[in-house]
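Contents: one structure, followed by commentary.
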Amino acid sequence: MQNFEIEMCRDLPSKDAFSGLVARYYDLVVERIQGMGLEIDPEAPKSALAEFWANSDDYLPPNGCLVVARNNAGHIIGCGILKRLDQDTG
């Protein structure tokens, strides 16, 4: 297993560094939905990524939490994202 560091973000990572990882996640979600025999718009990952960036401040404190994992070279290799929906739900 490679070494990595976990970083709690107060600011968003650069769009170039983060978009690829988030886009791969959305692609995986679409693949799994299709694997269940359900239909989904093939453009859904693009619109989901655009929506993420349009609302990206919602994923930072005080209303959210963004955690990234970086390898030894400083590249983002994983993430966790939480957005507050209401006082009791995230």
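Each chain in the structure tokens gets a letter, A, B and so on, in the order shown; residues start at 1 in every chain, and ligands are counted from 1 in the order they appear.
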Legend entry - Leu21 in chain A surroundings by only C-alpha atoms, 8 Å radius, close-in-sequence under 4 positions cut, as a list in words: Ala17, Tyr25, Ile76, Ile77 and Gly78 of chain A
Legend entry - Expected answer as a ChimeraX atom specification: alpha helix (DSSP H) residues in chain A: /A:15-35,44-54
Just want the 8 Å neighbourhood of Val30 in chain A, counted on only C-alpha atoms, with same-chain residues fewer than 4 positions away dropped. Output as an mmCIF file with C-alpha atoms, in the first residue's frame.
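Here's the written file around_2.cif:
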data_model
loop_
_atom_site.group_PDB
_atom_site.id
_atom_site.type_symbol
_atom_site.label_atom_id
_atom_site.label_comp_id
_atom_site.auth_asym_id
_atom_site.auth_seq_id
_atom_site.Cartn_x
_atom_site.Cartn_y
_atom_site.Cartn_z
ATOM 1 C CA TYR A 26 -19.783 9.901 -11.181
ATOM 2 C CA GLN A 34 -26.875 0.769 -15.703
ATOM 3 C CA ILE A 40 -29.763 7.032 -16.863
ATOM 4 C CA PRO A 42 -25.311 9.384 -20.320
ATOM 5 C CA ALA A 44 -25.421 12.776 -16.045
ATOM 6 C CA PRO A 45 -21.755 12.694 -14.941
#
Legend entry - Among the residues A:Pro62, A:Val22, A:Glu31, A:Asn72, the one that comes closest to Ala48 in chain A [using only C-alpha atoms]: A:Val22
Legend entry - Spatial neighbours of Leu60 in chain A, max dist 10 Å, only C-alpha atoms, sep filter under 6 positions, as a VMD selection string: chain A and resid 8 to 12 66 to 67 81 to 84
Legend entry - 12 Å contact set for His75 in chain A, only C-alpha atoms, chain neighbours under 2 positions out, as a PyMOL selection string: chain A and resi 3-7+13-14+16-18+20-21+68-73+77-79
Legend entry - Which of chain A fall in strand (DSSP E or B), as a PyMOL selection string: chain A and resi 4-8+64-71+76-83+86+89
Legend entry - Length of the CA of Lys15 in chain A to CA of Arg32 in chain A vector [Å]: 25.4 Å
Inset, instruction - List the neighbours of Lys46 in chain A out to 10 Å using only C-alpha atoms; skip same-chain residues closer than 3 positions along the sequence, and give me the result as a ChimeraX atom specification. - result: /A:23,26-27,42-43,49-52
Include N, CA and C atoms and write out the residues we just selected as a PDB file, in the first residue's frame.
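The result, written out as result_11.pdb:
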ATOM      1  N   ALA A  23     -15.115  13.132 -11.401  1.00  0.00           N
ATOM      2  CA  ALA A  23     -15.713  12.638 -12.646  1.00  0.00           C
ATOM      3  C   ALA A  23     -15.664  11.118 -12.707  1.00  0.00           C
ATOM      4  N   TYR A  26     -18.479   9.797 -10.528  1.00  0.00           N
ATOM      5  CA  TYR A  26     -19.783   9.901 -11.181  1.00  0.00           C
ATOM      6  C   TYR A  26     -19.926   8.861 -12.291  1.00  0.00           C
ATOM      7  N   ASP A  27     -18.856   8.615 -13.050  1.00  0.00           N
ATOM      8  CA  ASP A  27     -18.893   7.579 -14.088  1.00  0.00           C
ATOM      9  C   ASP A  27     -19.180   6.208 -13.476  1.00  0.00           C
ATOM     10  N   PRO A  42     -26.770   9.528 -20.234  1.00  0.00           N
ATOM     11  CA  PRO A  42     -25.311   9.384 -20.320  1.00  0.00           C
ATOM     12  C   PRO A  42     -24.560  10.683 -20.031  1.00  0.00           C
ATOM     13  N   GLU A  43     -25.259  11.807 -20.073  1.00  0.00           N
ATOM     14  CA  GLU A  43     -24.638  13.098 -19.759  1.00  0.00           C
ATOM     15  C   GLU A  43     -24.681  13.416 -18.267  1.00  0.00           C
ATOM     16  N   LEU A  49     -20.967  16.944 -12.274  1.00  0.00           N
ATOM     17  CA  LEU A  49     -19.708  17.629 -12.006  1.00  0.00           C
ATOM     18  C   LEU A  49     -19.902  19.147 -12.083  1.00  0.00           C
ATOM     19  N   ALA A  50     -20.657  19.608 -13.057  1.00  0.00           N
ATOM     20  CA  ALA A  50     -20.931  21.045 -13.163  1.00  0.00           C
ATOM     21  C   ALA A  50     -21.698  21.535 -11.939  1.00  0.00           C
ATOM     22  N   GLU A  51     -22.657  20.727 -11.478  1.00  0.00           N
ATOM     23  CA  GLU A  51     -23.420  21.097 -10.286  1.00  0.00           C
ATOM     24  C   GLU A  51     -22.521  21.139  -9.051  1.00  0.00           C
ATOM     25  N   PHE A  52     -21.599  20.170  -8.944  1.00  0.00           N
ATOM     26  CA  PHE A  52     -20.666  20.182  -7.813  1.00  0.00           C
ATOM     27  C   PHE A  52     -19.911  21.509  -7.773  1.00  0.00           C
TER      28      PHE A  52
END
Inset, instruction - Report the distance between CA of Leu38 in chain A and CA of Ser19 in chain A in Å, rounded to one decimal place. - result: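 It comes out at 25.6 Å.
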Inset, instruction - Considering only C-alpha atoms, return as a list in words whatever protein or nucleic-acid residues lie within 12 Å of Asp86 in chain A, sequence-local ones (same chain, fewer than 5 positions apart) excluded. - result: Asp58, Asn63 and Gly64 of chain A
Keeping only N, CA and C atoms, take the residues you just selected and write them out as a compact mmCIF listing (two decimals), in the first residue's frame.
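As written to disk, result12.txt reads:
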# COMPACT_ATOMS: atom_id res chain seq x y z
N ASP A 58 -20.70 24.76 -0.65
CA ASP A 58 -21.55 23.99 0.28
C ASP A 58 -20.82 22.80 0.89
N ASN A 63 -20.72 24.54 6.45
CA ASN A 63 -21.88 23.76 6.01
C ASN A 63 -21.55 22.42 5.40
N GLY A 64 -20.31 22.06 5.36
CA GLY A 64 -19.92 20.79 4.78
C GLY A 64 -18.53 20.41 5.22
